[in-house]
Amino acid sequence: MTESEFLALAESTLDRIEACLDRLNDEDVVDVECKRSGNVLEVEFLTNASKIIINSQAPLQEMWVAARSGGFHYKRVGDEWRNTRDDTELFASLSQYVTEQGGAPVALG
């Protein structure tokens with residue numbers, strides 16, 4: 001994948017995550033505020049002030065996630081972002097992290 005292709009894919013991934021979280025906030029499922037600055041999406045949970053940070057790393061062609069449960073790296077495998085350690089899928093993992101930090105079961109997708 002070229003750097004331009006990666007950047008476009010990373011941008012669309014961050015857009016998708018932000019749209020999912022905004023929808024959950026509008027539906028009163030979780031109380032979150034998303035802030036975007038370039039390739040960084042900061043998700044703040046207003047009930048407990050915890051955060052999840054998601055960003056792209058162009059040199060490595062990875063998406064990185066920092067949550068209460070740790071830091072995780074995701075590489076593109078086929079049509080999915082897969083965890084470089086345990087092969088879990090990015091949106092499934094984010095669903096778990098948001099559920100843990102937001103206090104309500106969610107499914108991002």
# chains A, B, ... in the order shown; residues from 1 in each chain; ligands from 1

call {"tool": "residues_around", "arguments": {"residues": "Ser50 in chain A", "least_positions_apart": "5", "cutoff": "8 Å", "atoms": "only C-alpha atoms", "output": "ChimeraX atom specification"}}
result
/A:44-45,68,101

call {"tool": "select_by_dssp", "arguments": {"residues": "chain A", "states": "alpha helix (DSSP H)", "output": "ChimeraX atom specification"}}
result
/A:3-26,90-102

call {"tool": "write_last_selection", "arguments": {"atoms": "C-alpha atoms", "output": "mmCIF file, in the first residue's frame"}}
result
data_model
loop_
_atom_site.group_PDB
_atom_site.id
_atom_site.type_symbol
_atom_site.label_atom_id
_atom_site.label_comp_id
_atom_site.auth_asym_id
_atom_site.auth_seq_id
_atom_site.Cartn_x
_atom_site.Cartn_y
_atom_site.Cartn_z
ATOM 1 C CA GLU A 3 1.536 6.172 1.719
ATOM 2 C CA SER A 4 -1.283 8.055 -0.039
ATOM 3 C CA GLU A 5 -3.499 4.969 0.027
ATOM 4 C CA PHE A 6 -2.728 4.438 3.719
ATOM 5 C CA LEU A 7 -3.505 8.059 4.592
ATOM 6 C CA ALA A 8 -6.851 7.924 2.774
ATOM 7 C CA LEU A 9 -7.757 4.635 4.467
ATOM 8 C CA ALA A 10 -6.695 5.899 7.909
ATOM 9 C CA GLU A 11 -8.723 9.086 7.421
ATOM 10 C CA SER A 12 -11.843 7.137 6.462
ATOM 11 C CA THR A 13 -11.337 4.811 9.453
ATOM 12 C CA LEU A 14 -11.100 7.743 11.879
ATOM 13 C CA ASP A 15 -14.171 9.335 10.238
ATOM 14 C CA ARG A 16 -16.112 6.084 10.674
ATOM 15 C CA ILE A 17 -15.123 5.725 14.340
ATOM 16 C CA GLU A 18 -16.053 9.337 15.061
ATOM 17 C CA ALA A 19 -19.426 8.966 13.300
ATOM 18 C CA CYS A 20 -20.223 5.801 15.291
ATOM 19 C CA LEU A 21 -19.363 7.471 18.587
ATOM 20 C CA ASP A 22 -21.293 10.641 17.718
ATOM 21 C CA ARG A 23 -24.347 8.485 16.928
ATOM 22 C CA LEU A 24 -24.035 6.633 20.258
ATOM 23 C CA ASN A 25 -23.743 9.969 22.048
ATOM 24 C CA ASP A 26 -26.825 11.346 20.244
ATOM 25 C CA LEU A 90 -10.135 -2.852 15.434
ATOM 26 C CA PHE A 91 -13.883 -2.145 15.656
ATOM 27 C CA ALA A 92 -14.523 -5.213 17.827
ATOM 28 C CA SER A 93 -11.719 -4.109 20.160
ATOM 29 C CA LEU A 94 -12.952 -0.511 20.246
ATOM 30 C CA SER A 95 -16.424 -1.771 21.126
ATOM 31 C CA GLN A 96 -14.894 -3.508 24.149
ATOM 32 C CA TYR A 97 -12.842 -0.460 25.212
ATOM 33 C CA VAL A 98 -15.809 1.914 24.871
ATOM 34 C CA THR A 99 -18.002 -0.517 26.814
ATOM 35 C CA GLU A 100 -15.406 -0.713 29.604
ATOM 36 C CA GLN A 101 -14.831 3.035 29.837
ATOM 37 C CA GLY A 102 -18.340 4.237 28.967
#

call {"tool": "atom_distance", "arguments": {"atom1": "CA of Thr84 in chain A", "atom2": "CA of Gly103 in chain A"}}
result
26.6 Å

call {"tool": "residues_around", "arguments": {"residues": "Asn55 in chain A", "least_positions_apart": "3", "cutoff": "8 Å", "atoms": "only C-alpha atoms", "output": "NGL selection string"}}
result
:A and (14 or 39-41 or 63-65)

call {"tool": "write_last_selection", "arguments": {"atoms": "all heavy atoms", "output": "tab-separated table (two decimals), in the first residue's frame"}}
result
chain	number	residue	atom	x	y	z
A	14	LEU	N	-10.86	6.80	10.78
A	14	LEU	CA	-11.10	7.74	11.88
A	14	LEU	C	-12.47	8.41	11.73
A	14	LEU	O	-13.19	8.59	12.71
A	14	LEU	CB	-9.99	8.79	11.93
A	14	LEU	CG	-8.61	8.28	12.38
A	14	LEU	CD1	-7.56	9.37	12.21
A	14	LEU	CD2	-8.65	7.80	13.82
A	39	ASN	N	-4.47	13.57	12.36
A	39	ASN	CA	-4.58	12.10	12.37
A	39	ASN	C	-4.86	11.54	13.76
A	39	ASN	O	-4.70	10.35	13.99
A	39	ASN	CB	-3.31	11.47	11.80
A	39	ASN	CG	-2.11	11.66	12.70
A	39	ASN	OD1	-2.02	12.64	13.43
A	39	ASN	ND2	-1.18	10.74	12.66
A	40	VAL	N	-5.30	12.40	14.69
A	40	VAL	CA	-5.57	11.97	16.07
A	40	VAL	C	-7.03	12.22	16.42
A	40	VAL	O	-7.55	13.32	16.25
A	40	VAL	CB	-4.67	12.72	17.08
A	40	VAL	CG1	-4.98	12.31	18.50
A	40	VAL	CG2	-3.20	12.51	16.76
A	41	LEU	N	-7.68	11.17	16.92
A	41	LEU	CA	-9.06	11.27	17.42
A	41	LEU	C	-9.02	11.01	18.92
A	41	LEU	O	-8.60	9.94	19.36
A	41	LEU	CB	-9.96	10.25	16.73
A	41	LEU	CG	-11.41	10.16	17.22
A	41	LEU	CD1	-12.14	11.49	17.02
A	41	LEU	CD2	-12.13	9.03	16.53
A	63	MET	N	-2.69	1.74	12.76
A	63	MET	CA	-3.57	2.54	13.59
A	63	MET	C	-3.22	2.19	15.02
A	63	MET	O	-3.08	1.00	15.35
A	63	MET	CB	-5.04	2.20	13.31
A	63	MET	CG	-5.50	2.49	11.89
A	63	MET	SD	-5.43	4.22	11.43
A	63	MET	CE	-6.76	4.90	12.43
A	64	TRP	N	-3.07	3.20	15.86
A	64	TRP	CA	-2.73	2.98	17.27
A	64	TRP	C	-3.90	3.40	18.14
A	64	TRP	O	-4.55	4.42	17.89
A	64	TRP	CB	-1.49	3.75	17.66
A	64	TRP	CG	-0.21	3.21	17.08
A	64	TRP	CD1	-0.07	2.20	16.17
A	64	TRP	CD2	1.10	3.67	17.35
A	64	TRP	NE1	1.26	2.00	15.88
A	64	TRP	CE2	2.01	2.89	16.59
A	64	TRP	CE3	1.61	4.67	18.17
A	64	TRP	CZ2	3.38	3.08	16.63
A	64	TRP	CZ3	2.99	4.87	18.21
A	64	TRP	CH2	3.86	4.07	17.45
A	65	VAL	N	-4.13	2.63	19.21
A	65	VAL	CA	-5.19	2.93	20.17
A	65	VAL	C	-4.59	2.92	21.57
A	65	VAL	O	-3.88	1.97	21.94
A	65	VAL	CB	-6.33	1.88	20.08
A	65	VAL	CG1	-7.38	2.15	21.15
A	65	VAL	CG2	-6.95	1.86	18.69

call {"tool": "residues_around", "arguments": {"residues": "Asp86 in chain A", "least_positions_apart": "4", "cutoff": "12 Å", "atoms": "only C-alpha atoms", "output": "count of residues only"}}
result
8

call {"tool": "atom_distance", "arguments": {"atom1": "CA of Lys51 in chain A", "atom2": "CA of Arg76 in chain A"}}
result
24.1 Å

call {"tool": "atom_distance", "arguments": {"atom1": "CA of Ser37 in chain A", "atom2": "CA of Leu108 in chain A"}}
result
21.2 Å

call {"tool": "select_by_dssp", "arguments": {"residues": "chain A", "states": "strand (DSSP E or B)", "output": "JSON, numbers by chain"}}
result
{"A": [32, 33, 34, 35, 36, 37, 40, 41, 42, 43, 44, 45, 51, 52, 53, 54, 55, 56, 57, 62, 63, 64, 65, 66, 67, 70, 71, 72, 73, 74, 75, 76, 77, 80, 81, 82, 83, 89]}

call {"tool": "closest_residue", "arguments": {"among": "A:Ala104, A:Ile52, A:Val30, A:Val43", "to": "Ala67 in chain A", "atoms": "only C-alpha atoms"}}
result
A:Ile52
